[in-house]
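Notes to accompany the following structure.
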Amino acid sequence: MKSNQSNSKSIADHLAELSKDELITLLVNFSEEIREVEQALALKFMDVGGKKSLSQYKKIIRASIKQHADRHGFVTYRKVPYAVTGAEKVMEKANEVAKKGEHLQAAEIIFTILHEMGDLLQLCDDSDGIVGGLIHECLSSIHDISVELENSASKERPVLFKMLLEEALHPNLQGWSEWKLSLLNSAIYVMKATSEKDLWSAQLDNMENQEKNESFYSSYFFEGAAELRYKVIQKFEGEDNAAEFLQSHLDMKDFREKAIASAIHDRDYNKALELAEQGERKDAAEGLPGLVHKWKEYRYEIYGLTHQVEQQIQLAEEFALSGEYEYYLLLQELYGKDAWQAAYKEFLNKLEAMGISNWRSAELYRQVLVEEGETSRLMEYVRKNKWSVLQYYPHLVGDYAEEVFLLFTQIITEEAANSTNRKEYQKVCKKIRSLIKAGGAVPAGEVIEQLRNDYPYRPALLDELGKIKID
């Protein structure tokens, strides 16, 4: 009885019975034997702030990396989740420090993680994005700290601003425009004085010049930099100057979108339409169909706001013919019930023709045929694409049973002829079961008998055929 009571005690109960010295001895022993316990205790009692503590954080991060790296220092794909455990624990510490309001200390810890993960990224297979995800978590946490200090009178604000500018120049960020821009964006929140704005602008100028000198560079950094400049102008110079800046950068997609949205908000629909049409022409000339589509969508929205139904119908039909189902529904609404009945057949003919060269149009064509009960046209499509009978037979078997069963048997016999193993025979038998489900029990029995006669020396096939229940 006494033994049972002892077994029912929890670990907490047992620990509660130990003296303070016994607990200390137990923890010390565990920390000496288990690395994770040592790290957890070190983080728990580590002093926050100062170079010494940052050095200890580095050791914890590097210890788990070293433990799971090969002899060349490379961390393989499967070892990456384990290699970052030290960094994850230090990140937890940083979040804990930030919650206490120790913003600069938290930022220093986060930047330490960022540096170490930047190094690791060059020496691991991060196919799952685990290291990259931790870097993004660091940048997000830094952003949160910056927002927290935005309206603060604390002396921490200007110190963090300088830290952010310095970190944006860190060697580990070379080649990573997204990270640089993220830090400069965070700096905007803690930027107050004109001198800080000038320092920030000068650094961004230098970064842009460096990007231009690279052998290969994309427009990503320059577009992102322009977005940040726009935010700074809004903050320091007001909306009028920001609007002027916006108008001078309409060649960039995001700025053109902002300009269109602004014009719509101000009910300057002519201006909004002009901006959309300009973007459409520009991007069509540059062979950018995705952006052309975006500007057309804005045109559609503007036509709706200005009650230009005919223009909306033209665009809705264009989108629908390219396979966009939502615009097919909108097209019906725009026509109205009576007018749509008159236009429907012609639209269907156009959609069928478009489907010859556009798979999305073909997909929508089939969907419409099913939804509208166009069994005759659906059967015509299936005749040209007989394997599609496997998908559409439920909609056709009522009016075209014999033809559907014939297509099934043709497909089954063809597939059986090309099958060589049990797995493939099972696929053949699955189609026979579908034929039975379609109401074709008689032709199913006939095709089973035919296969038995044609392939008497395929025992695996005969075995699978024997499992089919026709009744």
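Identifiers in the structure tokens: chain A, B, ... in order shown; residue index from 1 per chain; ligand index from 1 in order shown.
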I need the helix (DSSP H, G or I) residues of stretch 167-242 of chain A per DSSP on the backbone, written as a ChimeraX atom specification. /A:167,171-173,177-189,194-213,220-237,239-242
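When atom CA of A:Glu464 is paired with atom CA of A:Leu390, their separation reads 20.0 Å.
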Applying 8 Å and only C-alpha atoms, which residues near A:His68 remain after dropping the ones on its own chain fewer than 4 positions away? List them as a PyMOL selection string. chain A and resi 64+75+79-80+82-83
Please list as a compact mmCIF listing (two decimals) with C-alpha atoms, in the first residue's frame every residue within 9 Å of A:Met354, counting only C-alpha atoms and excluding residues in the same chain fewer than 5 positions away.
```txt
# COMPACT_ATOMS: atom_id res chain seq x y z
CA LEU A 321 -12.93 34.19 -71.37
CA SER A 322 -9.44 33.88 -69.92
CA GLY A 323 -10.85 31.47 -67.33
CA ASN A 349 -18.87 29.53 -78.18
CA TRP A 359 -6.10 25.60 -70.19
CA SER A 361 -10.48 28.79 -70.35
CA ALA A 362 -10.94 25.09 -71.08
```
Which of A:Leu169, A:Val84, A:Met163, A:Met191 sits closest to A:Lys66 [using only C-alpha atoms]: A:Val84
Give me, as a PDB file with N, CA, C and O atoms, in the first residue's frame, all polymer residues having an atom no more than 10 Å from stretch 423-435 of chain A, counting only C-alpha atoms and skipping those fewer than 3 positions away in the same chain.
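The result, written out as selection24.pdb:
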```pdb
ATOM      1  N   LEU A 390     -14.111   9.662 -67.242  1.00  0.00           N
ATOM      2  CA  LEU A 390     -13.930   9.205 -65.865  1.00  0.00           C
ATOM      3  C   LEU A 390     -14.361  10.272 -64.868  1.00  0.00           C
ATOM      4  O   LEU A 390     -14.787   9.962 -63.757  1.00  0.00           O
ATOM      5  N   TYR A 393     -18.728  11.327 -66.199  1.00  0.00           N
ATOM      6  CA  TYR A 393     -19.783  10.351 -66.461  1.00  0.00           C
ATOM      7  C   TYR A 393     -21.044  10.566 -65.619  1.00  0.00           C
ATOM      8  O   TYR A 393     -22.165  10.320 -66.096  1.00  0.00           O
ATOM      9  N   VAL A 404     -21.228   6.332 -72.990  1.00  0.00           N
ATOM     10  CA  VAL A 404     -20.365   6.429 -71.814  1.00  0.00           C
ATOM     11  C   VAL A 404     -19.764   5.063 -71.488  1.00  0.00           C
ATOM     12  O   VAL A 404     -18.554   4.934 -71.241  1.00  0.00           O
ATOM     13  N   PHE A 405     -20.603   4.000 -71.509  1.00  0.00           N
ATOM     14  CA  PHE A 405     -20.110   2.654 -71.203  1.00  0.00           C
ATOM     15  C   PHE A 405     -19.074   2.210 -72.230  1.00  0.00           C
ATOM     16  O   PHE A 405     -18.076   1.565 -71.892  1.00  0.00           O
ATOM     17  N   LEU A 406     -19.291   2.554 -73.486  1.00  0.00           N
ATOM     18  CA  LEU A 406     -18.354   2.184 -74.549  1.00  0.00           C
ATOM     19  C   LEU A 406     -16.990   2.845 -74.321  1.00  0.00           C
ATOM     20  O   LEU A 406     -15.943   2.208 -74.462  1.00  0.00           O
ATOM     21  N   LEU A 407     -17.009   4.132 -73.955  1.00  0.00           N
ATOM     22  CA  LEU A 407     -15.755   4.836 -73.683  1.00  0.00           C
ATOM     23  C   LEU A 407     -15.034   4.222 -72.488  1.00  0.00           C
ATOM     24  O   LEU A 407     -13.802   4.090 -72.492  1.00  0.00           O
ATOM     25  N   PHE A 408     -15.809   3.835 -71.477  1.00  0.00           N
ATOM     26  CA  PHE A 408     -15.223   3.173 -70.316  1.00  0.00           C
ATOM     27  C   PHE A 408     -14.498   1.890 -70.721  1.00  0.00           C
ATOM     28  O   PHE A 408     -13.352   1.654 -70.322  1.00  0.00           O
ATOM     29  N   THR A 409     -15.171   1.073 -71.492  1.00  0.00           N
ATOM     30  CA  THR A 409     -14.566  -0.203 -71.875  1.00  0.00           C
ATOM     31  C   THR A 409     -13.333   0.002 -72.746  1.00  0.00           C
ATOM     32  O   THR A 409     -12.355  -0.748 -72.640  1.00  0.00           O
ATOM     33  N   ILE A 411     -11.250   2.566 -72.557  1.00  0.00           N
ATOM     34  CA  ILE A 411     -10.188   3.016 -71.648  1.00  0.00           C
ATOM     35  C   ILE A 411      -9.649   1.848 -70.832  1.00  0.00           C
ATOM     36  O   ILE A 411      -8.436   1.682 -70.664  1.00  0.00           O
ATOM     37  N   ILE A 412     -10.558   1.009 -70.325  1.00  0.00           N
ATOM     38  CA  ILE A 412     -10.159  -0.135 -69.489  1.00  0.00           C
ATOM     39  C   ILE A 412      -9.303  -1.119 -70.276  1.00  0.00           C
ATOM     40  O   ILE A 412      -8.254  -1.565 -69.788  1.00  0.00           O
ATOM     41  N   THR A 413      -9.718  -1.446 -71.487  1.00  0.00           N
ATOM     42  CA  THR A 413      -8.950  -2.410 -72.282  1.00  0.00           C
ATOM     43  C   THR A 413      -7.592  -1.837 -72.693  1.00  0.00           C
ATOM     44  O   THR A 413      -6.594  -2.564 -72.714  1.00  0.00           O
ATOM     45  N   GLU A 414      -7.536  -0.559 -72.996  1.00  0.00           N
ATOM     46  CA  GLU A 414      -6.260   0.076 -73.353  1.00  0.00           C
ATOM     47  C   GLU A 414      -5.301   0.077 -72.164  1.00  0.00           C
ATOM     48  O   GLU A 414      -4.113  -0.235 -72.308  1.00  0.00           O
ATOM     49  N   GLU A 415      -5.838   0.436 -70.996  1.00  0.00           N
ATOM     50  CA  GLU A 415      -4.973   0.494 -69.821  1.00  0.00           C
ATOM     51  C   GLU A 415      -4.506  -0.891 -69.411  1.00  0.00           C
ATOM     52  O   GLU A 415      -3.354  -1.068 -69.002  1.00  0.00           O
ATOM     53  N   ALA A 416      -5.374  -1.870 -69.524  1.00  0.00           N
ATOM     54  CA  ALA A 416      -5.003  -3.244 -69.179  1.00  0.00           C
ATOM     55  C   ALA A 416      -3.878  -3.740 -70.077  1.00  0.00           C
ATOM     56  O   ALA A 416      -2.957  -4.426 -69.621  1.00  0.00           O
ATOM     57  N   ALA A 417      -3.956  -3.384 -71.361  1.00  0.00           N
ATOM     58  CA  ALA A 417      -2.930  -3.820 -72.316  1.00  0.00           C
ATOM     59  C   ALA A 417      -1.557  -3.257 -71.959  1.00  0.00           C
ATOM     60  O   ALA A 417      -0.529  -3.896 -72.241  1.00  0.00           O
ATOM     61  N   ASN A 418      -1.540  -2.099 -71.326  1.00  0.00           N
ATOM     62  CA  ASN A 418      -0.264  -1.451 -70.998  1.00  0.00           C
ATOM     63  C   ASN A 418       0.167  -1.666 -69.540  1.00  0.00           C
ATOM     64  O   ASN A 418       1.181  -1.117 -69.112  1.00  0.00           O
ATOM     65  N   SER A 419      -0.611  -2.458 -68.791  1.00  0.00           N
ATOM     66  CA  SER A 419      -0.297  -2.699 -67.383  1.00  0.00           C
ATOM     67  C   SER A 419       0.569  -3.940 -67.243  1.00  0.00           C
ATOM     68  O   SER A 419       0.387  -4.926 -67.971  1.00  0.00           O
ATOM     69  N   THR A 420       1.508  -3.889 -66.279  1.00  0.00           N
ATOM     70  CA  THR A 420       2.450  -5.007 -66.121  1.00  0.00           C
ATOM     71  C   THR A 420       2.633  -5.465 -64.685  1.00  0.00           C
ATOM     72  O   THR A 420       3.378  -6.407 -64.432  1.00  0.00           O
ATOM     73  N   ALA A 438     -21.519   3.579 -62.355  1.00  0.00           N
ATOM     74  CA  ALA A 438     -22.238   4.387 -63.345  1.00  0.00           C
ATOM     75  C   ALA A 438     -23.476   3.677 -63.873  1.00  0.00           C
ATOM     76  O   ALA A 438     -24.231   4.251 -64.667  1.00  0.00           O
ATOM     77  N   GLY A 439     -23.672   2.456 -63.422  1.00  0.00           N
ATOM     78  CA  GLY A 439     -24.835   1.691 -63.885  1.00  0.00           C
ATOM     79  C   GLY A 439     -24.500   0.703 -64.986  1.00  0.00           C
ATOM     80  O   GLY A 439     -25.396   0.082 -65.569  1.00  0.00           O
ATOM     81  N   GLY A 440     -23.216   0.544 -65.256  1.00  0.00           N
ATOM     82  CA  GLY A 440     -22.797  -0.346 -66.337  1.00  0.00           C
ATOM     83  C   GLY A 440     -22.357  -1.706 -65.857  1.00  0.00           C
ATOM     84  O   GLY A 440     -21.255  -2.175 -66.219  1.00  0.00           O
ATOM     85  N   ALA A 441     -23.174  -2.357 -65.051  1.00  0.00           N
ATOM     86  CA  ALA A 441     -22.815  -3.676 -64.531  1.00  0.00           C
ATOM     87  C   ALA A 441     -22.645  -4.701 -65.658  1.00  0.00           C
ATOM     88  O   ALA A 441     -21.715  -5.514 -65.638  1.00  0.00           O
ATOM     89  N   VAL A 442     -23.526  -4.641 -66.666  1.00  0.00           N
ATOM     90  CA  VAL A 442     -23.458  -5.609 -67.770  1.00  0.00           C
ATOM     91  C   VAL A 442     -22.177  -5.426 -68.578  1.00  0.00           C
ATOM     92  O   VAL A 442     -21.426  -6.392 -68.786  1.00  0.00           O
ATOM     93  N   PRO A 443     -21.877  -4.203 -69.084  1.00  0.00           N
ATOM     94  CA  PRO A 443     -20.613  -4.035 -69.806  1.00  0.00           C
ATOM     95  C   PRO A 443     -19.391  -4.282 -68.927  1.00  0.00           C
ATOM     96  O   PRO A 443     -18.353  -4.726 -69.426  1.00  0.00           O
ATOM     97  N   ALA A 444     -19.513  -4.062 -67.616  1.00  0.00           N
ATOM     98  CA  ALA A 444     -18.401  -4.351 -66.714  1.00  0.00           C
ATOM     99  C   ALA A 444     -18.128  -5.848 -66.685  1.00  0.00           C
ATOM    100  O   ALA A 444     -16.976  -6.287 -66.740  1.00  0.00           O
ATOM    101  N   GLY A 445     -19.216  -6.652 -66.602  1.00  0.00           N
ATOM    102  CA  GLY A 445     -19.057  -8.103 -66.617  1.00  0.00           C
ATOM    103  C   GLY A 445     -18.442  -8.569 -67.917  1.00  0.00           C
ATOM    104  O   GLY A 445     -17.594  -9.479 -67.934  1.00  0.00           O
ATOM    105  N   VAL A 447     -16.420  -6.818 -69.937  1.00  0.00           N
ATOM    106  CA  VAL A 447     -15.008  -6.440 -70.052  1.00  0.00           C
ATOM    107  C   VAL A 447     -14.146  -7.285 -69.129  1.00  0.00           C
ATOM    108  O   VAL A 447     -12.995  -7.606 -69.458  1.00  0.00           O
ATOM    109  N   ILE A 448     -14.684  -7.685 -67.974  1.00  0.00           N
ATOM    110  CA  ILE A 448     -13.947  -8.577 -67.076  1.00  0.00           C
ATOM    111  C   ILE A 448     -13.697  -9.907 -67.768  1.00  0.00           C
ATOM    112  O   ILE A 448     -12.589 -10.456 -67.740  1.00  0.00           O
ATOM    113  N   ARG A 458      -1.739 -13.903 -66.593  1.00  0.00           N
ATOM    114  CA  ARG A 458      -1.422 -12.801 -65.672  1.00  0.00           C
ATOM    115  C   ARG A 458      -2.164 -13.058 -64.359  1.00  0.00           C
ATOM    116  O   ARG A 458      -3.264 -12.545 -64.129  1.00  0.00           O
ATOM    117  N   ALA A 460      -1.813 -12.097 -61.302  1.00  0.00           N
ATOM    118  CA  ALA A 460      -2.111 -10.934 -60.446  1.00  0.00           C
ATOM    119  C   ALA A 460      -3.330 -10.179 -60.966  1.00  0.00           C
ATOM    120  O   ALA A 460      -4.182  -9.730 -60.191  1.00  0.00           O
ATOM    121  N   LEU A 461      -3.442 -10.068 -62.297  1.00  0.00           N
ATOM    122  CA  LEU A 461      -4.601  -9.406 -62.892  1.00  0.00           C
ATOM    123  C   LEU A 461      -5.860 -10.220 -62.623  1.00  0.00           C
ATOM    124  O   LEU A 461      -6.901  -9.669 -62.222  1.00  0.00           O
ATOM    125  N   LEU A 462      -5.759 -11.538 -62.844  1.00  0.00           N
ATOM    126  CA  LEU A 462      -6.923 -12.405 -62.616  1.00  0.00           C
ATOM    127  C   LEU A 462      -7.370 -12.347 -61.156  1.00  0.00           C
ATOM    128  O   LEU A 462      -8.568 -12.360 -60.855  1.00  0.00           O
ATOM    129  N   ASP A 463      -6.388 -12.273 -60.249  1.00  0.00           N
ATOM    130  CA  ASP A 463      -6.694 -12.185 -58.816  1.00  0.00           C
ATOM    131  C   ASP A 463      -7.456 -10.890 -58.507  1.00  0.00           C
ATOM    132  O   ASP A 463      -8.458 -10.910 -57.781  1.00  0.00           O
ATOM    133  N   GLU A 464      -7.010  -9.760 -59.066  1.00  0.00           N
ATOM    134  CA  GLU A 464      -7.661  -8.474 -58.826  1.00  0.00           C
ATOM    135  C   GLU A 464      -9.048  -8.442 -59.461  1.00  0.00           C
ATOM    136  O   GLU A 464      -9.996  -7.886 -58.887  1.00  0.00           O
ATOM    137  N   LEU A 465      -9.198  -9.027 -60.628  1.00  0.00           N
ATOM    138  CA  LEU A 465     -10.507  -9.082 -61.289  1.00  0.00           C
ATOM    139  C   LEU A 465     -11.488  -9.899 -60.456  1.00  0.00           C
ATOM    140  O   LEU A 465     -12.679  -9.580 -60.383  1.00  0.00           O
ATOM    141  N   GLY A 466     -10.960 -10.944 -59.793  1.00  0.00           N
ATOM    142  CA  GLY A 466     -11.818 -11.806 -58.974  1.00  0.00           C
ATOM    143  C   GLY A 466     -12.358 -11.108 -57.746  1.00  0.00           C
ATOM    144  O   GLY A 466     -13.332 -11.562 -57.123  1.00  0.00           O
ATOM    145  N   LYS A 467     -11.754 -10.009 -57.361  1.00  0.00           N
ATOM    146  CA  LYS A 467     -12.214  -9.249 -56.176  1.00  0.00           C
ATOM    147  C   LYS A 467     -13.359  -8.301 -56.486  1.00  0.00           C
ATOM    148  O   LYS A 467     -13.950  -7.734 -55.566  1.00  0.00           O
ATOM    149  N   ILE A 468     -13.667  -8.123 -57.768  1.00  0.00           N
ATOM    150  CA  ILE A 468     -14.710  -7.167 -58.157  1.00  0.00           C
ATOM    151  C   ILE A 468     -16.082  -7.815 -57.989  1.00  0.00           C
ATOM    152  O   ILE A 468     -16.321  -8.911 -58.470  1.00  0.00           O
ATOM    153  N   LYS A 469     -16.973  -7.108 -57.298  1.00  0.00           N
ATOM    154  CA  LYS A 469     -18.342  -7.570 -57.121  1.00  0.00           C
ATOM    155  C   LYS A 469     -19.247  -6.788 -58.067  1.00  0.00           C
ATOM    156  O   LYS A 469     -19.397  -5.576 -57.938  1.00  0.00           O
ATOM    157  N   ILE A 470     -19.859  -7.525 -58.996  1.00  0.00           N
ATOM    158  CA  ILE A 470     -20.712  -6.857 -59.982  1.00  0.00           C
ATOM    159  C   ILE A 470     -22.100  -6.594 -59.441  1.00  0.00           C
ATOM    160  O   ILE A 470     -22.704  -5.546 -59.687  1.00  0.00           O
TER     161      ILE A 470
END
```
Applying 8 Å and only C-alpha atoms, which residues near A:Arg157 remain after dropping the ones on its own chain fewer than 5 positions away? List them as a list in words. Ser146, Leu149, Glu150, Ser152 and Val190 of chain A
Export of the given selection (N, CA, C and O atoms) as a short mmCIF file (atom, residue, chain, number, x, y, z; two decimals), in the first residue's frame:
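What follows is the written file again00.cif:
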```cif
data_model
loop_
_atom_site.label_atom_id
_atom_site.label_comp_id
_atom_site.auth_asym_id
_atom_site.auth_seq_id
_atom_site.Cartn_x
_atom_site.Cartn_y
_atom_site.Cartn_z
N SER A 146 11.02 49.07 -32.06
CA SER A 146 11.05 50.42 -32.64
C SER A 146 9.69 51.10 -32.51
O SER A 146 9.60 52.27 -32.16
N LEU A 149 9.06 52.29 -29.04
CA LEU A 149 9.81 53.49 -28.64
C LEU A 149 9.48 54.72 -29.49
O LEU A 149 10.05 55.79 -29.27
N GLU A 150 8.57 54.57 -30.46
CA GLU A 150 8.31 55.65 -31.42
C GLU A 150 7.97 56.97 -30.73
O GLU A 150 8.50 58.03 -31.08
N SER A 152 8.29 57.59 -27.49
CA SER A 152 8.88 57.62 -26.16
C SER A 152 9.88 58.78 -26.03
O SER A 152 10.58 59.14 -26.98
N VAL A 190 11.82 55.42 -35.00
CA VAL A 190 12.54 56.07 -33.89
C VAL A 190 13.32 57.29 -34.38
O VAL A 190 14.19 57.81 -33.68
#
```
Identify, on the basis of only C-alpha atoms, every residue whose closest approach to A:Leu181 does not exceed 8 Å; exclude the query and any residue fewer than 4 positions from it along the same chain; express the result as an MDAnalysis selection string. chainID A and resid 168 177 185 221 224:225
